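Enquirer: The file below is target19.tsv, TSV, C-alpha atoms:
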```tsv
chain	number	residue	atom	x	y	z
A	1	GLY	CA	2.47	5.35	-25.55
A	2	ALA	CA	5.34	7.04	-23.76
A	3	VAL	CA	8.52	7.26	-25.81
A	4	VAL	CA	11.97	8.27	-24.66
A	5	SER	CA	14.62	8.98	-27.26
A	6	GLN	CA	18.30	8.84	-26.47
A	7	HIS	CA	21.06	10.19	-28.68
A	8	PRO	CA	23.64	9.22	-29.76
A	9	SER	CA	23.11	5.48	-29.61
A	10	TRP	CA	26.85	4.93	-29.71
A	11	VAL	CA	29.91	7.15	-29.58
A	12	ILE	CA	33.65	6.60	-29.71
A	13	CYS	CA	35.91	9.32	-28.42
A	14	LYS	CA	39.51	9.93	-27.47
A	15	SER	CA	40.61	10.03	-23.88
A	16	GLY	CA	40.34	13.53	-22.42
A	17	THR	CA	37.42	14.69	-24.54
A	18	SER	CA	33.90	15.37	-23.31
A	19	VAL	CA	30.82	13.62	-24.59
A	20	LYS	CA	27.22	14.76	-24.33
A	21	ILE	CA	24.28	12.35	-24.32
A	22	GLU	CA	20.73	13.59	-24.81
A	23	CYS	CA	17.57	12.11	-23.41
A	24	ARG	CA	14.23	13.35	-24.71
A	25	SER	CA	10.69	12.47	-23.77
A	26	LEU	CA	8.93	12.67	-27.12
A	27	ASP	CA	5.27	12.63	-26.27
A	28	PHE	CA	5.09	13.58	-22.62
A	29	GLN	CA	6.60	16.00	-20.16
A	30	ALA	CA	9.03	14.63	-17.61
A	31	THR	CA	9.88	16.69	-14.56
A	32	THR	CA	12.17	13.90	-13.43
A	33	MET	CA	14.53	11.75	-15.44
A	34	PHE	CA	16.96	9.13	-14.25
A	35	TRP	CA	20.39	8.26	-15.53
A	36	TYR	CA	21.73	4.73	-15.20
A	37	ARG	CA	25.02	3.14	-16.11
A	38	GLN	CA	25.43	-0.49	-17.11
A	39	PHE	CA	28.64	-2.47	-17.54
A	40	PRO	CA	28.61	-5.60	-19.73
A	41	LYS	CA	26.69	-8.50	-18.22
A	42	GLN	CA	25.83	-6.41	-15.18
A	43	SER	CA	22.81	-4.62	-13.80
A	44	LEU	CA	21.83	-0.98	-14.05
A	45	MET	CA	23.37	1.33	-11.48
A	46	LEU	CA	21.50	4.53	-10.74
A	47	MET	CA	23.84	7.45	-11.24
A	48	ALA	CA	21.62	10.46	-10.66
A	49	THR	CA	18.14	11.85	-10.64
A	50	SER	CA	17.69	14.75	-13.02
A	51	ASN	CA	15.17	17.39	-11.96
A	52	GLU	CA	13.81	19.98	-14.36
A	53	GLY	CA	14.89	23.46	-13.36
A	54	SER	CA	17.07	22.41	-10.46
A	55	LYS	CA	20.27	20.58	-9.67
A	56	ALA	CA	20.53	16.86	-10.19
A	57	THR	CA	20.73	14.54	-7.23
A	58	TYR	CA	23.71	12.22	-7.48
A	59	GLU	CA	24.06	8.78	-5.95
A	60	GLN	CA	26.85	8.07	-3.53
A	61	GLY	CA	30.14	7.54	-5.31
A	62	VAL	CA	29.14	9.32	-8.53
A	63	GLU	CA	31.27	12.38	-9.25
A	64	LYS	CA	29.01	15.29	-10.09
A	65	ASP	CA	31.86	17.22	-11.72
A	66	LYS	CA	32.62	14.25	-13.91
A	67	PHE	CA	29.06	13.52	-14.97
A	68	LEU	CA	27.32	16.83	-15.59
A	69	ILE	CA	23.55	16.67	-15.80
A	70	ASN	CA	21.37	19.43	-17.16
A	71	HIS	CA	17.58	19.25	-17.24
A	72	ALA	CA	16.71	22.54	-18.87
A	73	SER	CA	13.26	21.69	-20.15
A	74	LEU	CA	10.42	19.30	-19.40
A	75	THR	CA	11.40	17.11	-22.33
A	76	LEU	CA	15.20	17.14	-22.33
A	77	SER	CA	17.92	16.04	-19.98
A	78	THR	CA	21.58	15.82	-20.94
A	79	LEU	CA	24.46	13.89	-19.44
A	80	THR	CA	27.96	15.15	-20.22
A	81	VAL	CA	30.89	12.89	-19.44
A	82	THR	CA	33.73	15.33	-18.97
A	83	SER	CA	37.35	14.50	-19.70
A	84	ALA	CA	36.39	10.94	-20.50
A	85	HIS	CA	38.78	8.08	-19.78
A	86	PRO	CA	38.69	4.43	-20.82
A	87	GLU	CA	37.15	3.44	-17.48
A	88	ASP	CA	34.14	5.61	-18.37
A	89	SER	CA	33.36	3.31	-21.27
A	90	SER	CA	29.93	1.92	-20.55
A	91	PHE	CA	26.30	1.76	-21.59
A	92	TYR	CA	24.41	4.81	-20.34
A	93	ILE	CA	20.63	4.61	-20.17
A	94	CYS	CA	18.15	7.34	-19.34
A	95	SER	CA	14.57	6.94	-18.25
A	96	ALA	CA	11.58	9.09	-17.45
A	97	SER	CA	8.31	8.71	-15.64
A	98	ARG	CA	5.23	9.80	-17.50
A	99	GLY	CA	3.23	10.18	-14.35
A	100	GLY	CA	5.59	12.36	-12.38
A	101	ALA	CA	7.03	11.18	-9.08
A	102	LEU	CA	7.59	7.46	-8.97
A	103	ASN	CA	6.37	7.05	-5.43
A	104	SER	CA	2.78	7.78	-6.37
A	105	GLY	CA	2.41	4.03	-6.58
A	106	ALA	CA	1.72	2.98	-10.11
A	107	ASN	CA	4.19	4.79	-12.26
A	108	VAL	CA	6.68	2.95	-14.36
A	109	LEU	CA	9.72	4.21	-16.15
A	110	THR	CA	10.08	4.47	-19.88
A	111	PHE	CA	13.65	3.81	-20.92
A	112	GLY	CA	15.65	5.16	-23.78
A	113	ALA	CA	17.48	2.70	-25.99
A	114	GLY	CA	20.79	3.53	-24.35
A	115	SER	CA	24.06	5.10	-25.46
A	116	ARG	CA	27.20	3.01	-25.71
A	117	LEU	CA	30.29	5.06	-24.95
A	118	THR	CA	33.74	3.79	-25.88
A	119	VAL	CA	36.70	5.88	-24.79
A	120	LEU	CA	39.97	5.05	-26.53
B	1	SER	CA	25.39	-1.57	-2.48
B	2	GLN	CA	22.32	-0.40	-4.36
B	3	GLN	CA	21.54	-3.73	-5.80
B	4	GLY	CA	19.24	-6.47	-4.73
B	5	GLU	CA	19.97	-10.00	-5.77
B	6	GLU	CA	18.50	-12.21	-8.42
B	7	ASP	CA	18.82	-15.88	-9.05
B	8	PRO	CA	19.62	-17.70	-11.06
B	9	GLN	CA	22.13	-15.49	-12.83
B	10	ALA	CA	21.63	-17.53	-15.97
B	11	LEU	CA	18.89	-19.94	-17.00
B	12	SER	CA	18.73	-22.11	-20.09
B	13	ILE	CA	15.53	-23.97	-20.97
B	14	GLN	CA	13.74	-25.54	-23.92
B	15	GLU	CA	10.86	-23.88	-25.69
B	16	GLY	CA	7.58	-24.74	-24.02
B	17	GLU	CA	9.07	-25.06	-20.54
B	18	ASN	CA	8.39	-22.62	-17.74
B	19	ALA	CA	11.05	-20.20	-16.49
B	20	THR	CA	11.18	-18.98	-12.91
B	21	MET	CA	13.38	-16.13	-11.75
B	22	ASN	CA	13.73	-14.92	-8.19
B	23	CYS	CA	14.60	-11.54	-6.79
B	24	SER	CA	15.36	-10.20	-3.33
B	25	TYR	CA	15.53	-6.59	-2.24
B	26	LYS	CA	16.81	-4.74	0.79
B	27	THR	CA	14.50	-1.96	1.97
B	28	SER	CA	10.79	-1.30	2.31
B	29	ILE	CA	9.21	-0.73	-1.06
B	30	ASN	CA	6.25	0.94	-2.69
B	31	ASN	CA	6.14	-1.52	-5.55
B	32	LEU	CA	8.31	-3.98	-7.44
B	33	GLN	CA	8.62	-4.07	-11.19
B	34	TRP	CA	10.05	-6.49	-13.71
B	35	TYR	CA	11.81	-5.38	-16.87
B	36	ARG	CA	13.20	-7.15	-19.88
B	37	GLN	CA	16.34	-6.17	-21.78
B	38	ASN	CA	17.44	-7.54	-25.11
B	39	SER	CA	21.18	-7.53	-25.59
B	40	GLY	CA	22.60	-4.01	-25.83
B	41	ARG	CA	19.19	-2.37	-25.80
B	42	GLY	CA	17.01	-0.36	-23.47
B	43	LEU	CA	14.59	-1.86	-21.00
B	44	VAL	CA	10.97	-2.75	-21.52
B	45	HIS	CA	8.56	-2.74	-18.60
B	46	LEU	CA	6.77	-6.06	-18.13
B	47	ILE	CA	4.71	-5.95	-14.96
B	48	LEU	CA	4.33	-4.06	-11.68
B	49	ILE	CA	3.16	-5.46	-8.35
B	50	ARG	CA	2.33	-3.16	-5.46
B	51	SER	CA	3.52	-3.78	-1.92
B	52	ASN	CA	0.00	-4.71	-0.80
B	53	GLU	CA	-0.42	-7.30	-3.56
B	54	ARG	CA	0.78	-10.88	-3.37
B	55	GLU	CA	0.30	-12.14	-6.91
B	56	LYS	CA	-0.33	-10.68	-10.32
B	57	HIS	CA	-0.81	-12.09	-13.81
B	58	SER	CA	-0.29	-10.65	-17.25
B	59	GLY	CA	-0.56	-13.00	-20.19
B	60	ARG	CA	2.13	-15.66	-19.76
B	61	LEU	CA	3.68	-13.77	-16.86
B	62	ARG	CA	3.00	-14.41	-13.21
B	63	VAL	CA	4.61	-12.36	-10.47
B	64	THR	CA	4.54	-13.00	-6.74
B	65	LEU	CA	5.66	-10.74	-3.93
B	66	ASP	CA	6.49	-11.70	-0.35
B	67	THR	CA	7.20	-8.53	1.60
B	68	SER	CA	8.02	-10.46	4.78
B	69	LYS	CA	10.89	-12.15	2.97
B	70	LYS	CA	11.60	-9.14	0.75
B	71	SER	CA	11.44	-11.33	-2.31
B	72	SER	CA	9.63	-11.66	-5.61
B	73	SER	CA	9.47	-14.21	-8.37
B	74	LEU	CA	8.69	-13.98	-12.07
B	75	LEU	CA	7.28	-17.01	-13.85
B	76	ILE	CA	7.13	-17.14	-17.63
B	77	THR	CA	4.94	-20.00	-18.77
B	78	ALA	CA	5.20	-21.85	-22.07
B	79	SER	CA	8.40	-20.06	-22.98
B	80	ARG	CA	9.31	-19.16	-26.55
B	81	ALA	CA	12.66	-18.56	-28.21
B	82	ALA	CA	11.68	-14.89	-28.45
B	83	ASP	CA	11.65	-14.72	-24.63
B	84	THR	CA	15.45	-14.97	-24.71
B	85	ALA	CA	16.67	-11.82	-22.92
B	86	SER	CA	17.88	-10.53	-19.57
B	87	TYR	CA	15.23	-9.98	-16.93
B	88	PHE	CA	15.61	-7.50	-14.10
B	89	CYS	CA	13.53	-6.84	-11.06
B	90	ALA	CA	13.46	-3.27	-9.81
B	91	SER	CA	12.21	-2.15	-6.44
B	92	LEU	CA	10.73	1.28	-5.92
B	93	ARG	CA	11.93	2.38	-2.52
B	94	ASN	CA	9.57	4.22	-0.26
B	95	GLN	CA	12.31	6.69	0.53
B	96	GLY	CA	13.45	8.86	-2.31
B	97	GLY	CA	11.27	7.39	-5.06
B	98	LYS	CA	14.21	5.63	-6.68
B	99	LEU	CA	14.00	2.51	-8.78
B	100	ILE	CA	16.81	0.14	-7.84
B	101	PHE	CA	17.58	-2.83	-10.04
B	102	GLY	CA	18.52	-6.37	-9.14
B	103	GLN	CA	21.47	-8.17	-10.72
B	104	GLY	CA	19.37	-9.73	-13.45
B	105	THR	CA	18.79	-13.18	-14.87
B	106	GLU	CA	19.96	-14.05	-18.36
B	107	LEU	CA	17.34	-16.34	-19.88
B	108	SER	CA	18.05	-18.45	-22.92
B	109	VAL	CA	15.16	-20.34	-24.51
B	110	LYS	CA	16.24	-22.92	-27.05
B	111	PRO	CA	13.96	-23.83	-29.94
```
Now, as a test, write the supplied structure out as structure tokens.

Expert:
Amino acid sequence: GAVVSQHPSWVICKSGTSVKIECRSLDFQATTMFWYRQFPKQSLMLMATSNEGSKATYEQGVEKDKFLINHASLTLSTLTVTSAHPEDSSFYICSASRGGALNSGANVLTFGAGSRLTVL
Amino acid sequence: SQQGEEDPQALSIQEGENATMNCSYKTSINNLQWYRQNSGRGLVHLILIRSNEREKHSGRLRVTLDTSKKSSSLLITASRAADTASYFCASLRNQGGKLIFGQGTELSVKP
């Protein structure tokens, strides 16, 4: 089955530092990956769509200079939280579609286990 | 706001009872999916229903979709303590191919 690995699963950092989170599709190629953010007891908010070989597409209100996304290969997308502050503390989850574009009708997302970021 | 709505926000039932969760969405969709999330973990896909389908079954799960009302429901029959988790609906919008999640229902099944 499709497996998405996310690393690290948790990270604690000091305010002002940058943190990189990796998302890998282990047994399939993913031209598109999605990054979500989830606050405690809340739903997942789509932050951006990561496209292999091109710039990510960010949702309204998400700062692209704050949340840098790189999708350099068909199996790896990275999210870097730059100059992190306590308000960036959250659960970040990536996902990928095994079947390519989601709007082909039957594709579902495979989610990573998430990365919990705590900024002190 | 991205989000659709789900109700109830929290549901507590006894093992063996049925659990029903409802979801509403905002735009025209290609399909609607239900996911499960255990506390602090990633999401697991449960079931997908296409926009031209009205009902779908998978094991103890039954999903309905009413596109005229832009709503869906998830029924879990004969619930078990292991069903305790948060359940999210997610609508795949026709425009942009994005999966947008509802607010979620926190289900607690007591043994």

Enquirer: What does the distance between atom CA of A:Thr78 and atom CA of A:Leu117 come to in Å, to one decimal place?

Expert: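 Atom-to-atom, atom CA of A:Thr78 to atom CA of A:Leu117, that is 14.4 Å.
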
Enquirer: Would you mind listing, as a VMD selection string, all residues of chain A that have at least one atom within 10 Å of chain B, where all atoms listed in the file are what counts?

Expert: chain A and resid 6 9 34 36 38 40 to 46 48 to 49 59 to 60 91 to 95 101 to 116

Enquirer: Determine the axis-aligned bounding box of all atoms of stretch 56-75 of chain A present in the file, pad each side by 8 Å, and express its centre and edge lengths in Å to one decimal place as JSON.

Expert:
```
{"center_x": 21.5, "center_y": 15.0, "center_z": -12.9, "size_x": 38.2, "size_y": 31.0, "size_z": 34.8}
```

Enquirer: Residues within 12 Å of (13.0, 20.7, -13.8), file coordinates, counting all atoms listed in the file: what are they? Give the list as a ChimeraX atom specification.

Expert: /A:29-33,49-57,69-77,100

Enquirer: So how far away is atom CA of A:Ser97 from atom CA of B:Gly59, in Å?

Expert: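 Those two atoms sit 23.9 Å apart.
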
Enquirer: Between atom CA of B:Lys70 and atom CA of B:Tyr25, what is the distance in Å, rounded to a tenth?

Expert: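 Distance between the two atoms: 5.6 Å.
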
Enquirer: Restricting the calculation to only C-alpha atoms: of B:Ile13, B:Leu107, B:Ile76, B:Leu65, which residue gets closest to B:Ser91?

Expert: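 Residue with the minimum atom-to-atom distance to B:Ser91: B:Leu65.
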
Enquirer: Restricting the calculation to all atoms listed in the file: of B:Pro8, B:Asn38, B:Pro111, B:Ala19, which residue gets closest to B:Val63?

Expert: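 Among B:Pro8, B:Asn38, B:Pro111, B:Ala19, it is B:Ala19 that comes nearest to B:Val63.
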
Enquirer: From the coordinates I just gave you, please extract stretch 43-59 of chain A so that only all heavy atoms remain, then output it as a CSV table (one decimal), in the first residue's frame.

Expert:
```
chain,number,residue,atom,x,y,z
A,43,SER,N,-9.5,21.3,13.1
A,43,SER,CA,-9.4,20.6,11.8
A,43,SER,C,-8.1,20.9,11.1
A,43,SER,O,-7.3,21.6,11.6
A,43,SER,CB,-10.6,21.0,10.9
A,43,SER,OG,-10.6,20.1,9.8
A,44,LEU,N,-7.9,20.2,10.0
A,44,LEU,CA,-6.7,20.5,9.2
A,44,LEU,C,-7.0,21.6,8.2
A,44,LEU,O,-8.0,21.7,7.5
A,44,LEU,CB,-6.4,19.2,8.3
A,44,LEU,CG,-5.8,18.0,9.0
A,44,LEU,CD1,-6.8,17.3,9.9
A,44,LEU,CD2,-5.1,17.1,8.0
A,45,MET,N,-6.0,22.5,8.2
A,45,MET,CA,-6.1,23.7,7.3
A,45,MET,C,-5.0,23.5,6.2
A,45,MET,O,-3.9,23.3,6.5
A,45,MET,CB,-5.8,25.0,8.0
A,45,MET,CG,-6.8,25.4,9.0
A,45,MET,SD,-8.3,26.0,8.2
A,45,MET,CE,-7.7,27.4,7.5
A,46,LEU,N,-5.5,23.5,5.0
A,46,LEU,CA,-4.6,23.4,3.9
A,46,LEU,C,-3.7,24.6,3.8
A,46,LEU,O,-4.2,25.7,3.7
A,46,LEU,CB,-5.3,23.2,2.5
A,46,LEU,CG,-4.5,23.0,1.3
A,46,LEU,CD1,-3.6,21.8,1.4
A,46,LEU,CD2,-5.4,23.0,0.0
A,47,MET,N,-2.4,24.4,3.8
A,47,MET,CA,-1.4,25.5,3.7
A,47,MET,C,-1.0,25.7,2.3
A,47,MET,O,-1.0,26.9,1.8
A,47,MET,CB,-0.2,25.2,4.6
A,47,MET,CG,-0.4,25.0,6.0
A,47,MET,SD,1.1,24.6,6.9
A,47,MET,CE,2.1,26.0,6.7
A,48,ALA,N,-0.6,24.6,1.6
A,48,ALA,CA,0.0,24.8,0.3
A,48,ALA,C,0.0,23.5,-0.5
A,48,ALA,O,-0.1,22.4,0.2
A,48,ALA,CB,1.4,25.3,0.4
A,49,THR,N,0.0,23.6,-1.8
A,49,THR,CA,0.1,22.4,-2.6
A,49,THR,C,1.5,22.4,-3.2
A,49,THR,O,2.0,23.4,-3.8
A,49,THR,CB,-0.9,22.5,-3.8
A,49,THR,OG1,-2.2,22.6,-3.2
A,49,THR,CG2,-0.8,21.3,-4.7
A,50,SER,N,2.3,21.4,-3.0
A,50,SER,CA,3.6,21.3,-3.4
A,50,SER,C,3.7,20.5,-4.7
A,50,SER,O,3.2,19.4,-4.8
A,50,SER,CB,4.4,20.5,-2.3
A,50,SER,OG,5.7,20.2,-2.7
A,51,ASN,N,4.3,21.1,-5.7
A,51,ASN,CA,4.4,20.5,-7.1
A,51,ASN,C,5.8,20.2,-7.4
A,51,ASN,O,6.7,21.1,-7.3
A,51,ASN,CB,3.8,21.5,-8.1
A,51,ASN,CG,2.4,21.9,-7.8
A,51,ASN,OD1,1.5,21.1,-7.7
A,51,ASN,ND2,2.2,23.2,-7.5
A,52,GLU,N,6.1,19.0,-7.8
A,52,GLU,CA,7.4,18.6,-8.2
A,52,GLU,C,8.0,19.4,-9.3
A,52,GLU,O,7.3,19.6,-10.4
A,52,GLU,CB,7.5,17.1,-8.5
A,52,GLU,CG,8.9,16.5,-8.7
A,52,GLU,CD,9.3,16.6,-10.1
A,52,GLU,OE1,8.4,16.6,-11.0
A,52,GLU,OE2,10.5,16.6,-10.4
A,53,GLY,N,9.1,20.0,-9.1
A,53,GLY,CA,9.8,20.8,-10.2
A,53,GLY,C,9.3,22.2,-10.4
A,53,GLY,O,9.7,22.9,-11.3
A,54,SER,N,8.3,22.6,-9.6
A,54,SER,CA,7.8,24.0,-9.8
A,54,SER,C,7.5,24.6,-8.4
A,54,SER,O,7.6,23.9,-7.4
A,54,SER,CB,6.6,24.0,-10.7
A,54,SER,OG,5.5,23.3,-10.1
A,55,LYS,N,7.1,25.8,-8.5
A,55,LYS,CA,6.8,26.5,-7.2
A,55,LYS,C,5.5,26.0,-6.6
A,55,LYS,O,4.6,25.6,-7.2
A,55,LYS,CB,6.6,28.0,-7.5
A,55,LYS,CG,7.9,28.7,-7.8
A,55,LYS,CD,7.7,30.2,-8.0
A,55,LYS,CE,9.0,30.9,-8.4
A,55,LYS,NZ,8.8,32.4,-8.6
A,56,ALA,N,5.5,26.0,-5.2
A,56,ALA,CA,4.3,25.6,-4.5
A,56,ALA,C,3.2,26.6,-4.7
A,56,ALA,O,3.5,27.8,-4.9
A,56,ALA,CB,4.7,25.4,-3.0
A,57,THR,N,2.0,26.2,-4.5
A,57,THR,CA,0.8,27.1,-4.6
A,57,THR,C,0.3,27.2,-3.1
A,57,THR,O,-0.1,26.2,-2.5
A,57,THR,CB,-0.3,26.5,-5.4
A,57,THR,OG1,0.2,26.2,-6.7
A,57,THR,CG2,-1.4,27.4,-5.6
A,58,TYR,N,0.3,28.4,-2.6
A,58,TYR,CA,0.0,28.7,-1.3
A,58,TYR,C,-1.5,29.1,-1.1
A,58,TYR,O,-2.0,29.8,-2.0
A,58,TYR,CB,0.9,29.8,-0.7
A,58,TYR,CG,2.3,29.3,-0.5
A,58,TYR,CD1,3.2,29.3,-1.5
A,58,TYR,CD2,2.7,28.9,0.8
A,58,TYR,CE1,4.5,28.9,-1.3
A,58,TYR,CE2,4.0,28.5,1.0
A,58,TYR,CZ,4.9,28.5,-0.1
A,58,TYR,OH,6.2,28.0,0.1
A,59,GLU,N,-2.1,28.7,0.0
A,59,GLU,CA,-3.5,29.2,0.2
A,59,GLU,C,-3.5,30.6,0.7
A,59,GLU,O,-2.5,31.1,1.2
A,59,GLU,CB,-4.1,28.2,1.3
A,59,GLU,CG,-4.3,26.8,0.8
A,59,GLU,CD,-5.2,26.8,-0.5
A,59,GLU,OE1,-6.4,27.2,-0.4
A,59,GLU,OE2,-4.8,26.3,-1.5
```
